[in-house]
file final.cif (mmCIF, C-alpha atoms)
data_model
loop_
_atom_site.label_atom_id
_atom_site.label_comp_id
_atom_site.auth_asym_id
_atom_site.auth_seq_id
_atom_site.Cartn_x
_atom_site.Cartn_y
_atom_site.Cartn_z
CA MET A 1 14.18 -15.08 1.17
CA LEU A 2 12.61 -11.85 2.43
CA ALA A 3 11.96 -11.93 6.17
CA VAL A 4 8.43 -11.37 7.39
CA PRO A 5 8.42 -8.06 9.30
CA THR A 6 7.56 -8.41 12.96
CA THR A 7 6.70 -4.74 13.41
CA LEU A 8 5.11 -2.14 11.23
CA GLU A 9 8.33 -0.14 11.38
CA GLU A 10 10.17 -3.03 9.69
CA ALA A 11 7.43 -3.27 7.08
CA VAL A 12 7.77 0.44 6.27
CA VAL A 13 11.53 0.06 5.72
CA GLN A 14 10.95 -2.93 3.43
CA ALA A 15 8.26 -1.02 1.55
CA GLN A 16 10.56 1.95 1.00
CA GLU A 17 13.33 -0.25 -0.43
CA ALA A 18 10.91 -2.10 -2.71
CA THR A 19 9.45 1.19 -3.96
CA LYS A 20 12.92 2.51 -4.76
CA LEU A 21 13.60 -0.62 -6.84
CA ALA A 22 10.31 -0.19 -8.70
CA LEU A 23 11.08 3.46 -9.41
CA LYS A 24 14.56 2.56 -10.69
CA ALA A 25 12.90 0.02 -12.99
CA GLN A 26 10.87 2.97 -14.37
CA ILE A 27 7.52 1.51 -13.40
CA GLY A 28 4.98 4.26 -13.84
CA ARG A 29 2.11 3.31 -11.53
CA ILE A 30 3.07 1.83 -8.19
CA SER A 31 1.00 0.77 -5.21
CA VAL A 32 2.31 0.33 -1.66
CA GLU A 33 -0.12 -1.47 0.62
CA LEU A 34 0.20 -2.12 4.33
CA ALA A 35 -3.03 -3.97 5.06
CA VAL A 36 -3.12 -3.23 8.76
CA PRO A 37 -6.28 -2.11 10.60
CA GLU A 38 -6.59 1.68 10.91
CA ILE A 39 -3.38 2.29 8.94
CA ALA A 40 -5.11 5.09 7.01
CA LEU A 41 -5.30 7.12 10.24
CA GLN A 42 -1.52 7.44 10.11
CA ALA A 43 -1.38 8.35 6.42
CA GLN A 44 0.20 11.76 7.02
CA SER A 45 3.10 10.38 9.08
CA LEU A 46 3.76 7.57 6.60
CA ALA A 47 3.60 9.97 3.66
CA LEU A 48 6.35 12.14 5.12
CA GLU A 49 8.54 9.05 5.54
CA PHE A 50 7.87 7.90 1.98
CA THR A 51 8.93 11.14 0.34
CA SER A 52 12.50 9.89 0.77
CA VAL A 53 12.03 7.21 -1.93
CA PHE A 54 12.05 9.94 -4.59
CA GLU A 55 15.49 11.13 -5.69
CA ASN A 56 14.39 14.63 -6.67
CA LEU A 57 12.29 16.04 -3.85
CA SER A 58 12.05 19.45 -5.51
CA GLY A 59 10.11 17.83 -8.34
CA LEU A 60 7.84 15.80 -6.06
CA LYS A 61 4.20 16.57 -5.43
CA VAL A 62 2.44 14.93 -2.46
CA ILE A 63 -1.29 14.67 -3.06
CA PHE A 64 -3.95 14.04 -0.42
CA PRO A 65 -7.55 13.04 -1.22
CA ASP A 66 -9.11 16.27 0.06
CA THR A 67 -8.24 19.88 0.82
CA GLY A 68 -8.54 19.40 4.58
CA ALA A 69 -5.94 16.64 4.75
CA ALA A 70 -3.60 18.60 2.47
CA ALA A 71 -3.94 21.75 4.58
CA LEU A 72 -3.29 19.78 7.77
CA ALA A 73 -0.11 18.27 6.29
CA ARG A 74 1.15 21.68 5.20
CA ARG A 75 0.54 23.04 8.69
CA ASP A 76 2.23 20.12 10.47
CA TRP A 77 5.18 19.74 8.09
CA GLY A 78 5.99 23.40 7.66
CA GLU A 79 8.38 24.27 4.84
CA THR A 80 9.23 21.28 2.64
CA PRO A 81 11.35 20.76 -0.51
CA PHE A 82 8.28 19.20 -2.18
CA ARG A 83 4.81 20.57 -2.84
CA VAL A 84 1.63 19.44 -1.10
CA THR A 85 -1.85 19.62 -2.61
CA ASP A 86 -5.10 17.67 -3.02
CA LEU A 87 -6.84 15.77 -5.80
CA GLY A 88 -9.29 18.55 -6.51
CA SER A 89 -12.98 19.07 -5.92
CA ARG A 90 -16.16 20.10 -7.70
CA VAL A 91 -14.75 23.59 -7.92
CA THR A 92 -11.12 22.74 -8.74
CA SER A 93 -10.40 20.05 -11.32
CA VAL A 94 -7.59 17.51 -11.04
CA GLU A 95 -6.06 18.95 -14.22
CA THR A 96 -5.07 22.06 -12.26
CA LYS A 97 -3.10 19.95 -9.79
CA ILE A 98 -0.36 19.01 -12.26
CA SER A 99 2.32 21.32 -13.61
CA GLU A 100 5.26 20.91 -15.96
CA GLN A 101 7.64 21.19 -12.99
CA ASP A 102 6.26 18.03 -11.37
CA GLN A 103 8.53 15.02 -11.79
CA GLY A 104 6.81 12.53 -9.51
CA PHE A 105 3.62 12.10 -7.50
CA LEU A 106 2.86 10.51 -4.14
CA ILE A 107 -0.89 10.01 -3.70
CA VAL A 108 -1.71 9.40 -0.05
CA SER A 109 -4.40 6.90 0.94
CA PRO A 110 -6.92 7.44 -1.89
CA SER A 111 -10.24 5.63 -1.51
CA SER A 112 -12.69 4.17 -3.99
CA VAL A 113 -14.57 7.46 -3.92
CA GLU A 114 -11.58 9.20 -5.53
CA VAL A 115 -10.72 6.45 -8.02
CA GLU A 116 -11.85 8.43 -11.06
CA MET A 117 -9.73 11.44 -10.13
CA VAL A 118 -6.74 9.21 -9.33
CA GLU A 119 -7.01 7.50 -12.71
CA LYS A 120 -7.24 10.87 -14.46
CA LEU A 121 -4.20 12.15 -12.61
CA CYS A 122 -2.21 9.05 -13.57
CA ASN A 123 -3.17 9.57 -17.21
CA LEU A 124 -2.14 13.21 -17.03
CA ALA A 125 1.15 12.25 -15.39
CA GLY A 126 2.23 10.45 -18.54
CA ASP A 127 5.63 8.82 -18.04
CA ARG A 128 6.19 10.51 -14.67
CA PRO A 129 6.01 8.03 -11.75
CA VAL A 130 2.95 7.88 -9.50
CA VAL A 131 3.10 6.07 -6.16
CA LEU A 132 -0.14 5.24 -4.37
CA LEU A 133 0.62 4.94 -0.66
CA ILE A 134 -1.73 2.72 1.40
CA PRO A 135 -4.58 3.04 -1.12
CA GLN A 136 -8.05 2.04 0.05
CA LEU A 137 -9.34 1.42 -3.48
CA GLU A 138 -10.57 -2.12 -2.80
CA ASP A 139 -12.62 -1.18 0.25
CA VAL A 140 -16.08 -2.47 -0.70
CA SER A 141 -17.62 -1.01 2.46
CA ILE A 142 -17.35 2.57 1.20
CA VAL A 143 -20.77 4.09 0.69
CA GLY A 144 -21.51 6.01 -2.48
CA ILE A 145 -19.54 4.07 -5.05
CA GLY A 146 -21.84 2.93 -7.83
CA TYR A 147 -21.50 0.59 -10.77
CA ALA A 148 -19.63 3.09 -12.94
CA ALA A 149 -17.06 3.76 -10.21
CA ARG A 150 -16.63 0.04 -9.57
CA LYS A 151 -15.99 -0.49 -13.27
CA ILE A 152 -13.39 2.30 -13.31
CA ARG A 153 -11.79 0.86 -10.17
CA GLY A 154 -11.46 -2.59 -11.71
CA ARG A 155 -9.93 -1.15 -14.86
CA PHE A 156 -7.56 1.12 -12.99
CA LEU A 157 -6.36 -1.49 -10.49
CA SER A 158 -5.17 -3.66 -13.37
CA THR A 159 -2.74 -0.92 -14.42
CA LEU A 160 -0.97 -0.77 -11.03
CA THR A 161 2.21 -2.64 -10.12
CA SER A 162 2.42 -3.68 -6.49
CA ALA A 163 5.84 -2.67 -5.18
CA TYR A 164 4.98 -3.79 -1.68
CA TYR A 165 2.09 -5.60 -0.05
CA PHE A 166 1.94 -6.87 3.51
CA ARG A 167 -1.07 -8.37 5.22
CA PRO A 168 -0.66 -10.04 8.62
CA LEU A 169 -3.26 -12.72 9.27
CA ASP A 170 -4.08 -14.84 12.31
CA GLY A 171 -1.15 -17.25 12.24
CA ALA A 172 -0.07 -16.38 8.70
CA ALA A 173 1.03 -13.51 6.47
CA ILE A 174 1.02 -12.42 2.81
CA LEU A 175 4.07 -10.52 1.61
CA ARG A 176 5.12 -9.16 -1.74
CA SER A 177 8.21 -7.01 -2.21
CA TYR A 178 9.17 -5.99 -5.73
CA PRO A 179 10.42 -7.78 -7.77
CA SER A 180 9.64 -11.02 -5.89
CA ALA A 181 6.54 -13.19 -6.19
CA TRP A 182 3.59 -13.10 -3.81
CA ASN A 183 4.64 -15.13 -0.78
CA VAL A 184 2.38 -16.81 1.75
CA TYR A 185 3.82 -17.67 5.14
CA LEU A 186 2.58 -19.83 7.99
CA GLU A 187 3.59 -18.87 11.51
CA GLN A 188 5.13 -21.75 13.43
CA GLU A 189 6.68 -21.95 16.87
CA THR A 190 10.14 -21.43 15.34
CA GLY A 191 9.11 -18.51 13.11
CA TYR A 192 7.54 -18.03 9.71
CA GLU A 193 7.59 -20.80 7.13
CA LEU A 194 7.22 -19.99 3.45
CA ILE A 195 4.44 -22.24 2.13
CA ALA A 196 3.65 -20.76 -1.30
CA GLU A 197 5.00 -18.44 -4.00
CA GLU A 198 2.32 -17.16 -6.35
CA PRO A 199 2.52 -15.04 -9.54
CA GLN A 200 -0.67 -13.19 -8.57
CA LYS A 201 -2.01 -11.97 -5.24
CA PRO A 202 -3.65 -14.93 -3.44
CA MET A 203 -7.15 -14.01 -2.36
CA GLY A 204 -10.38 -15.62 -1.22
CA GLU A 205 -10.69 -19.34 -1.86
CA ALA A 206 -7.21 -19.57 -3.39
CA LEU A 207 -5.65 -18.25 -0.18
CA GLU A 208 -7.84 -20.46 1.99
CA LEU A 209 -6.76 -23.52 -0.01
CA ILE A 210 -3.06 -22.65 0.37
CA LEU A 211 -3.38 -22.24 4.13
CA ALA A 212 -5.58 -25.34 4.53
CA LYS A 213 -3.08 -27.54 2.69
CA ALA A 214 -0.20 -26.22 4.76
CA VAL A 215 -1.97 -26.72 8.08
CA SER A 216 -3.28 -30.19 7.21
CA GLY A 217 -0.15 -31.38 5.45
CA ASP A 218 -2.25 -32.31 2.39
CA GLY A 219 -4.67 -34.32 4.43
CA ASP A 220 -2.43 -35.61 7.22
CA SER A 221 -2.87 -33.14 10.04
CA GLY A 222 -0.58 -35.14 12.30
CA ASN A 223 2.52 -34.27 10.25
CA SER A 224 2.25 -30.51 10.45
CA PRO A 225 2.24 -28.38 13.61
CA ALA A 226 -0.66 -25.99 14.01
CA PRO A 227 0.19 -22.33 13.57
CA LYS A 228 0.41 -20.22 16.68
CA LYS A 229 -1.63 -17.09 17.13
CA SER A 230 0.16 -14.17 15.52
CA GLY A 231 1.56 -11.39 17.67
CA LEU A 232 1.96 -9.02 14.72
CA PHE A 233 -1.25 -7.11 15.36
CA ALA A 234 -0.21 -6.18 18.91
CA SER A 235 3.25 -4.96 17.88
CA MET A 236 1.89 -3.01 14.94
CA GLN A 237 -0.75 -1.33 17.05
CA GLN A 238 2.05 -0.19 19.37
CA PHE A 239 3.87 1.32 16.40
CA LEU A 240 0.72 3.08 15.22
CA ARG A 241 0.27 4.60 18.66
CA ALA A 242 3.90 5.76 18.63
CA LEU A 243 3.35 7.48 15.27
CA SER A 244 0.36 9.39 16.60
CA GLN A 245 2.22 10.81 19.60
#

call {"tool": "encode", "arguments": {"input": "final.cif", "output": "structure tokens"}}
result
Amino acid sequence: MLAVPTTLEEAVVQAQEATKLALKAQIGRISVELAVPEIALQAQSLALEFTSVFENLSGLKVIFPDTGAAALARRDWGETPFRVTDLGSRVTSVETKISEQDQGFLIVSPSSVEVEMVEKLCNLAGDRPVVLLIPQLEDVSIVGIGYAARKIRGRFLSTLTSAYYFRPLDGAAILRSYPSAWNVYLEQETGYELIAEEPQKPMGEALELILAKAVSGDGDSGNSPAPKKSGLFASMQQFLRALSQ
């Protein structure tokens, strides 16, 4: 059974290994999600770490959502064996961002605003692998995404394979590492207890029901210890601060 990471650093290592397995399985569209508050602020640092999952760095293209983020990465990283660019703009189309020399793509923290360009790039990529690192495509709080974009987002999300997903909750955690199922854990005094294995990502009422049954012991709350408050958020915030230094 895969261990629940206690730090974000451990989660990153797990995510890299799961992504490598997905790439070896020739999965074309891969998502890697670390559902931790403010994780997108460290997208550049995480992207540099994740370039190592690709075997041929000379054929890799790292793509940021906008020209500013791409320029900042080029400045901070200096000379690299891979190429760094952006998704395009009103002036430059996404079609110009792909060349015959490209053998793989790492798209860094795209949001719902860029979903149409991301989908177009994936279509243009053909059978070349595309990894979406910490995508923010399901962020419903983003302003400016209308009905058409939401429809595209729903269609596009269904084409992605989750290589890694980790969401720490208050006293629980959701973890998926390719090729395993979606696991739900409850945090007890002795550590994390696996309480459910699901074929699809547990969300909303389905997740609430899983956690409620585990805590109550199917109606007998006296037989199951209450989960303790998770310390994952504190340790992960420390790791985020370390990345930014």

call {"tool": "atom_distance", "arguments": {"input": "final.cif", "atom1": "atom CA of A:Leu57", "atom2": "atom CA of A:Leu106"}}
result
10.9 Å

call {"tool": "atom_distance", "arguments": {"input": "final.cif", "atom1": "atom CA of A:Glu208", "atom2": "atom CA of A:Val4"}}
result
19.4 Å

call {"tool": "resolve_selection", "arguments": {"input": "final.cif", "expression": "the PyMOL selection byres ((chain A and resi 180) around 10)", "output": "PDB file with C-alpha atoms, keeping the file's coordinate frame"}}
result
ATOM      1  CA  MET A   1      14.180 -15.080   1.170  1.00  0.00           C
ATOM      2  CA  LEU A   2      12.610 -11.850   2.430  1.00  0.00           C
ATOM      3  CA  ALA A  18      10.910  -2.100  -2.710  1.00  0.00           C
ATOM      4  CA  ALA A 163       5.840  -2.670  -5.180  1.00  0.00           C
ATOM      5  CA  TYR A 164       4.980  -3.790  -1.680  1.00  0.00           C
ATOM      6  CA  LEU A 175       4.070 -10.520   1.610  1.00  0.00           C
ATOM      7  CA  ARG A 176       5.120  -9.160  -1.740  1.00  0.00           C
ATOM      8  CA  SER A 177       8.210  -7.010  -2.210  1.00  0.00           C
ATOM      9  CA  TYR A 178       9.170  -5.990  -5.730  1.00  0.00           C
ATOM     10  CA  PRO A 179      10.420  -7.780  -7.770  1.00  0.00           C
ATOM     11  CA  ALA A 181       6.540 -13.190  -6.190  1.00  0.00           C
ATOM     12  CA  TRP A 182       3.590 -13.100  -3.810  1.00  0.00           C
ATOM     13  CA  ASN A 183       4.640 -15.130  -0.780  1.00  0.00           C
ATOM     14  CA  GLU A 197       5.000 -18.440  -4.000  1.00  0.00           C
ATOM     15  CA  GLU A 198       2.320 -17.160  -6.350  1.00  0.00           C
ATOM     16  CA  PRO A 199       2.520 -15.040  -9.540  1.00  0.00           C
TER      17      PRO A 199
END

call {"tool": "atom_distance", "arguments": {"input": "final.cif", "atom1": "atom CA of A:Ala15", "atom2": "atom CA of A:Arg150"}}
result
27.3 Å

call {"tool": "resolve_selection", "arguments": {"input": "final.cif", "expression": "the PyMOL selection byres ((chain A and resi 56) around 9)", "output": "ChimeraX atom specification"}}
result
/A:54-55,57-60,82,103-104

call {"tool": "resolve_selection", "arguments": {"input": "final.cif", "expression": "the PyMOL selection byres ((chain A and resi 122) around 12)", "output": "short mmCIF file (atom, residue, chain, number, x, y, z; two decimals) with C-alpha atoms, in the coordinates of the input"}}
result
data_model
loop_
_atom_site.label_atom_id
_atom_site.label_comp_id
_atom_site.auth_asym_id
_atom_site.auth_seq_id
_atom_site.Cartn_x
_atom_site.Cartn_y
_atom_site.Cartn_z
CA GLY A 28 4.98 4.26 -13.84
CA ARG A 29 2.11 3.31 -11.53
CA ILE A 30 3.07 1.83 -8.19
CA ILE A 63 -1.29 14.67 -3.06
CA LEU A 87 -6.84 15.77 -5.80
CA VAL A 94 -7.59 17.51 -11.04
CA GLU A 95 -6.06 18.95 -14.22
CA LYS A 97 -3.10 19.95 -9.79
CA ILE A 98 -0.36 19.01 -12.26
CA GLY A 104 6.81 12.53 -9.51
CA PHE A 105 3.62 12.10 -7.50
CA LEU A 106 2.86 10.51 -4.14
CA ILE A 107 -0.89 10.01 -3.70
CA VAL A 115 -10.72 6.45 -8.02
CA GLU A 116 -11.85 8.43 -11.06
CA MET A 117 -9.73 11.44 -10.13
CA VAL A 118 -6.74 9.21 -9.33
CA GLU A 119 -7.01 7.50 -12.71
CA LYS A 120 -7.24 10.87 -14.46
CA LEU A 121 -4.20 12.15 -12.61
CA ASN A 123 -3.17 9.57 -17.21
CA LEU A 124 -2.14 13.21 -17.03
CA ALA A 125 1.15 12.25 -15.39
CA GLY A 126 2.23 10.45 -18.54
CA ASP A 127 5.63 8.82 -18.04
CA ARG A 128 6.19 10.51 -14.67
CA PRO A 129 6.01 8.03 -11.75
CA VAL A 130 2.95 7.88 -9.50
CA VAL A 131 3.10 6.07 -6.16
CA LEU A 132 -0.14 5.24 -4.37
CA PHE A 156 -7.56 1.12 -12.99
CA LEU A 157 -6.36 -1.49 -10.49
CA THR A 159 -2.74 -0.92 -14.42
CA LEU A 160 -0.97 -0.77 -11.03
#

call {"tool": "residues_around", "arguments": {"input": "final.cif", "residues": "A:Gly191", "least_positions_apart": "2", "cutoff": "10 Å", "atoms": "all atoms listed in the file", "output": "ChimeraX atom specification"}}
result
/A:3-4,185-189,193-194,227-228

call {"tool": "write_last_selection", "arguments": {"input": "final.cif", "atoms": "C-alpha atoms", "output": "mmCIF file, keeping the file's coordinate frame"}}
result
data_model
loop_
_atom_site.group_PDB
_atom_site.id
_atom_site.type_symbol
_atom_site.label_atom_id
_atom_site.label_comp_id
_atom_site.auth_asym_id
_atom_site.auth_seq_id
_atom_site.Cartn_x
_atom_site.Cartn_y
_atom_site.Cartn_z
ATOM 1 C CA ALA A 3 11.960 -11.930 6.170
ATOM 2 C CA VAL A 4 8.430 -11.370 7.390
ATOM 3 C CA TYR A 185 3.820 -17.670 5.140
ATOM 4 C CA LEU A 186 2.580 -19.830 7.990
ATOM 5 C CA GLU A 187 3.590 -18.870 11.510
ATOM 6 C CA GLN A 188 5.130 -21.750 13.430
ATOM 7 C CA GLU A 189 6.680 -21.950 16.870
ATOM 8 C CA GLU A 193 7.590 -20.800 7.130
ATOM 9 C CA LEU A 194 7.220 -19.990 3.450
ATOM 10 C CA PRO A 227 0.190 -22.330 13.570
ATOM 11 C CA LYS A 228 0.410 -20.220 16.680
#

call {"tool": "closest_residue", "arguments": {"input": "final.cif", "among": "A:Thr190, A:Ser111, A:Thr96, A:Ser158", "to": "A:Ala40", "atoms": "all atoms listed in the file"}}
result
A:Ser111

call {"tool": "closest_residue", "arguments": {"input": "final.cif", "among": "A:Ile134, A:Val184, A:Ala35, A:Ala173", "to": "A:Gln200", "atoms": "only C-alpha atoms"}}
result
A:Val184

call {"tool": "residues_around", "arguments": {"input": "final.cif", "residues": "A:Thr85", "least_positions_apart": "4", "cutoff": "10 Å", "atoms": "all atoms listed in the file", "output": "CSV table (one decimal) with C-alpha atoms, in the frame of the given file"}}
result
chain,number,residue,atom,x,y,z
A,61,LYS,CA,4.2,16.6,-5.4
A,62,VAL,CA,2.4,14.9,-2.5
A,63,ILE,CA,-1.3,14.7,-3.1
A,64,PHE,CA,-4.0,14.0,-0.4
A,65,PRO,CA,-7.6,13.0,-1.2
A,66,ASP,CA,-9.1,16.3,0.1
A,67,THR,CA,-8.2,19.9,0.8
A,68,GLY,CA,-8.5,19.4,4.6
A,69,ALA,CA,-5.9,16.6,4.8
A,70,ALA,CA,-3.6,18.6,2.5
A,71,ALA,CA,-3.9,21.8,4.6
A,73,ALA,CA,-0.1,18.3,6.3
A,74,ARG,CA,1.2,21.7,5.2
A,97,LYS,CA,-3.1,20.0,-9.8
A,98,ILE,CA,-0.4,19.0,-12.3
A,107,ILE,CA,-0.9,10.0,-3.7
